[in-house]
file entry_39.tsv (TSV, C-alpha atoms)
chain	number	residue	atom	x	y	z
P	1	MET	CA	-44.99	10.51	-2.97
P	2	ILE	CA	-41.27	9.72	-2.70
P	3	GLY	CA	-41.24	10.92	0.91
P	4	SER	CA	-44.16	8.67	1.82
P	5	SER	CA	-42.52	5.65	0.17
P	6	ARG	CA	-39.33	6.33	2.12
P	7	ALA	CA	-41.33	6.53	5.36
P	8	TRP	CA	-43.09	3.27	4.45
P	9	LEU	CA	-39.75	1.55	3.79
P	10	ALA	CA	-38.33	2.88	7.06
P	11	ASP	CA	-41.36	1.51	8.93
P	12	ARG	CA	-40.90	-1.89	7.29
P	13	VAL	CA	-37.15	-2.10	7.96
P	14	ILE	CA	-37.23	-1.00	11.60
P	15	ALA	CA	-37.31	-3.99	13.92
P	16	PRO	CA	-40.59	-4.81	15.65
P	17	CYS	CA	-40.92	-4.13	19.38
P	18	TRP	CA	-40.19	-7.78	20.32
P	19	TYR	CA	-37.01	-8.15	18.25
P	20	HIS	CA	-34.43	-6.43	20.48
P	21	PRO	CA	-35.67	-7.96	23.77
P	22	ALA	CA	-35.59	-11.40	22.12
P	23	LEU	CA	-32.05	-10.80	20.85
P	24	GLY	CA	-31.11	-9.47	24.29
P	25	ALA	CA	-32.45	-12.65	25.90
P	26	LEU	CA	-30.30	-14.72	23.54
P	27	ASN	CA	-27.22	-12.59	24.25
P	28	GLY	CA	-27.83	-12.57	28.00
P	29	GLY	CA	-28.59	-16.28	28.09
P	30	LEU	CA	-25.33	-17.14	26.38
P	31	ILE	CA	-23.35	-15.05	28.86
P	32	ALA	CA	-25.30	-16.39	31.86
P	33	VAL	CA	-24.64	-20.00	30.86
P	34	GLY	CA	-21.00	-19.37	31.69
P	35	GLU	CA	-22.05	-19.70	35.34
P	36	ALA	CA	-22.37	-23.47	34.78
P	37	ARG	CA	-18.61	-23.61	34.22
P	38	ASN	CA	-19.05	-26.63	32.00
P	39	TRP	CA	-17.70	-26.63	28.45
P	40	VAL	CA	-20.26	-29.17	27.22
P	41	VAL	CA	-23.15	-27.06	28.51
P	42	PHE	CA	-21.58	-23.91	27.09
P	43	SER	CA	-21.02	-25.58	23.71
P	44	TRP	CA	-24.68	-26.55	23.49
P	45	ALA	CA	-25.62	-23.03	24.54
P	46	VAL	CA	-23.58	-21.67	21.62
P	47	VAL	CA	-25.47	-24.02	19.29
P	48	ALA	CA	-28.82	-22.88	20.74
P	49	TYR	CA	-27.73	-19.24	20.51
P	50	SER	CA	-26.75	-19.65	16.86
P	51	VAL	CA	-30.02	-21.37	15.99
P	52	GLY	CA	-31.98	-18.74	17.93
P	53	CYS	CA	-30.23	-15.83	16.20
P	54	GLY	CA	-30.71	-17.48	12.81
P	55	ALA	CA	-34.42	-18.01	13.48
P	56	LEU	CA	-34.82	-14.45	14.71
P	57	MET	CA	-33.16	-13.04	11.60
P	58	TRP	CA	-35.20	-15.34	9.33
P	59	VAL	CA	-38.50	-14.30	10.92
P	60	ASN	CA	-37.58	-10.64	10.67
P	61	GLN	CA	-36.45	-10.97	7.04
P	62	ARG	CA	-39.74	-12.67	6.15
P	63	ARG	CA	-41.61	-9.86	7.89
P	64	VAL	CA	-39.71	-7.12	6.05
P	65	GLY	CA	-39.99	-8.77	2.64
P	66	VAL	CA	-37.05	-6.90	1.11
P	67	TRP	CA	-33.32	-7.39	1.43
P	68	VAL	CA	-31.63	-4.41	3.03
P	69	SER	CA	-27.92	-3.89	3.55
P	70	TYR	CA	-28.05	-2.62	7.12
P	71	PHE	CA	-24.36	-2.21	7.79
P	72	ARG	CA	-23.24	1.13	6.45
P	73	GLY	CA	-22.01	4.32	8.06
P	74	TRP	CA	-23.33	4.98	11.54
P	75	VAL	CA	-25.01	1.59	11.77
P	76	ASN	CA	-21.53	0.02	11.66
P	77	ILE	CA	-20.40	2.22	14.52
P	78	VAL	CA	-23.46	1.48	16.67
P	79	PHE	CA	-23.11	-2.25	16.00
P	80	ALA	CA	-19.40	-2.20	16.85
P	81	LEU	CA	-20.15	-0.37	20.11
P	82	GLN	CA	-22.80	-2.96	20.97
P	83	VAL	CA	-20.41	-5.84	20.34
P	84	LEU	CA	-17.77	-4.04	22.42
P	85	ALA	CA	-20.21	-3.47	25.30
P	86	LEU	CA	-21.27	-7.13	25.32
P	87	ALA	CA	-17.63	-8.26	25.11
P	88	VAL	CA	-16.78	-6.06	28.10
P	89	LEU	CA	-19.70	-7.57	30.05
P	90	ALA	CA	-18.57	-11.10	29.20
P	91	GLY	CA	-14.96	-10.24	30.01
P	92	LEU	CA	-15.89	-8.76	33.37
P	93	ALA	CA	-17.95	-11.86	34.14
P	94	CYS	CA	-14.99	-14.08	33.27
P	95	TRP	CA	-12.60	-11.99	35.37
P	96	LEU	CA	-14.93	-11.90	38.35
P	97	GLY	CA	-16.37	-15.41	38.05
P	98	LEU	CA	-13.36	-17.38	36.96
P	99	GLY	CA	-10.49	-15.18	38.13
P	100	ARG	CA	-11.88	-13.96	41.44
P	101	GLY	CA	-14.33	-16.75	42.24
P	102	VAL	CA	-17.34	-14.46	42.49
P	103	ARG	CA	-20.46	-16.63	42.16
P	104	GLY	CA	-23.26	-15.19	40.07
P	105	ALA	CA	-21.08	-12.87	37.99
P	106	PHE	CA	-22.12	-14.53	34.73
P	107	VAL	CA	-25.80	-14.39	35.65
P	108	VAL	CA	-25.61	-10.69	36.52
P	109	ALA	CA	-23.71	-9.93	33.30
P	110	GLY	CA	-26.31	-11.91	31.36
P	111	LEU	CA	-29.13	-9.93	32.96
P	112	VAL	CA	-27.39	-6.64	32.18
P	113	ALA	CA	-26.86	-7.76	28.57
P	114	VAL	CA	-30.61	-7.72	27.89
P	115	PRO	CA	-31.21	-3.97	28.41
P	116	VAL	CA	-27.83	-3.18	26.82
P	117	THR	CA	-28.94	-5.03	23.67
P	118	VAL	CA	-32.31	-3.27	23.69
P	119	VAL	CA	-30.75	0.18	24.07
P	120	PHE	CA	-28.28	-0.40	21.25
P	121	GLY	CA	-31.02	-1.95	19.12
P	122	ARG	CA	-33.27	1.08	19.53
P	123	TRP	CA	-30.29	3.31	18.69
P	124	THR	CA	-29.72	1.27	15.53
P	125	ASP	CA	-33.40	1.66	14.63
P	126	LYS	CA	-33.14	5.42	15.03
P	127	VAL	CA	-30.06	5.58	12.79
P	128	LEU	CA	-31.71	3.35	10.17
P	129	ARG	CA	-34.91	5.39	10.17
P	130	ALA	CA	-32.93	8.59	9.62
P	131	ARG	CA	-30.95	6.94	6.83
P	132	PHE	CA	-34.00	5.67	4.95
P	133	GLU	CA	-36.00	8.84	5.32
P	134	ARG	CA	-33.06	10.94	4.14
P	135	PHE	CA	-32.22	9.00	0.96

call {"tool": "encode", "arguments": {"input": "entry_39.tsv", "output": "structure tokens"}}
result
Amino acid sequence: MIGSSRAWLADRVIAPCWYHPALGALNGGLIAVGEARNWVVFSWAVVAYSVGCGALMWVNQRRVGVWVSYFRGWVNIVFALQVLALAVLAGLACWLGLGRGVRGAFVVAGLVAVPVTVVFGRWTDKVLRARFERF
């Protein structure tokens, strides 16, 4: 009975199939907006990104129905690696687009950010599932 309740909780906590692609689109969109090279446009994109992430988290929290402290142990490491990977993508886009004058660097980095976010998200799901089924 305990094992089945752990499996049920793990199924509830794991993000739905649409969550990581949606988050990836938000991440990629924010990076791609850098191609506009306009601080006003980028500032509004940051506002839209923040609202989008907040809405995404709110919808997912309502779906789950329980508060879970996600960030412990390996989840912290996976999350830190994801942030690092996205920062490297954004940094490369800045170096190429702004430093070297390569047009489209921000758009390409934004497109790459989507599958990167999905891969790291699925990895996080795997770590979370193992954590909830174990304890």

call {"tool": "atom_distance", "arguments": {"input": "entry_39.tsv", "atom1": "atom CA of P:Gly104", "atom2": "atom CA of P:Leu86"}}
result
16.9 Å

call {"tool": "atom_distance", "arguments": {"input": "entry_39.tsv", "atom1": "atom CA of P:Cys17", "atom2": "atom CA of P:Val116"}}
result
15.1 Å

call {"tool": "residues_around", "arguments": {"input": "entry_39.tsv", "residues": "P:Val59", "least_positions_apart": "3", "cutoff": "12 Å", "atoms": "all atoms listed in the file", "output": "MDAnalysis selection string"}}
result
chainID P and resid 15:16 18:19 22 52:56 62:65

call {"tool": "residues_around", "arguments": {"input": "entry_39.tsv", "residues": "P:Phe106", "least_positions_apart": "3", "cutoff": "7 Å", "atoms": "all atoms listed in the file", "output": "compact mmCIF listing (two decimals) with C-alpha atoms, keeping the file's coordinate frame"}}
result
# COMPACT_ATOMS: atom_id res chain seq x y z
CA ILE P 31 -23.35 -15.05 28.86
CA ALA P 32 -25.30 -16.39 31.86
CA GLY P 34 -21.00 -19.37 31.69
CA GLU P 35 -22.05 -19.70 35.34
CA ALA P 93 -17.95 -11.86 34.14
CA GLY P 97 -16.37 -15.41 38.05
CA ALA P 109 -23.71 -9.93 33.30
CA GLY P 110 -26.31 -11.91 31.36

call {"tool": "atom_distance", "arguments": {"input": "entry_39.tsv", "atom1": "atom CA of P:Leu81", "atom2": "atom CA of P:Arg37"}}
result
27.2 Å

call {"tool": "residues_around", "arguments": {"input": "entry_39.tsv", "residues": "P:Val112", "least_positions_apart": "4", "cutoff": "9 Å", "atoms": "all atoms listed in the file", "output": "ChimeraX atom specification"}}
result
/P:28,89,107-108,116-117

call {"tool": "closest_residue", "arguments": {"input": "entry_39.tsv", "among": "P:Pro21, P:Asn27, P:Val102, P:Ser43", "to": "P:Ala85", "atoms": "all atoms listed in the file"}}
result
P:Asn27

call {"tool": "residues_near_point", "arguments": {"input": "entry_39.tsv", "point": "(-28.8, -2.2, 13.4)", "cutoff": "8 Å", "atoms": "only C-alpha atoms", "output": "PyMOL selection string"}}
result
chain P and resi 70-71+75-76+78-79+121+123-125+127-128

call {"tool": "closest_residue", "arguments": {"input": "entry_39.tsv", "among": "P:Leu98, P:Val13, P:Ala48, P:Leu84", "to": "P:Leu30", "atoms": "only C-alpha atoms"}}
result
P:Ala48
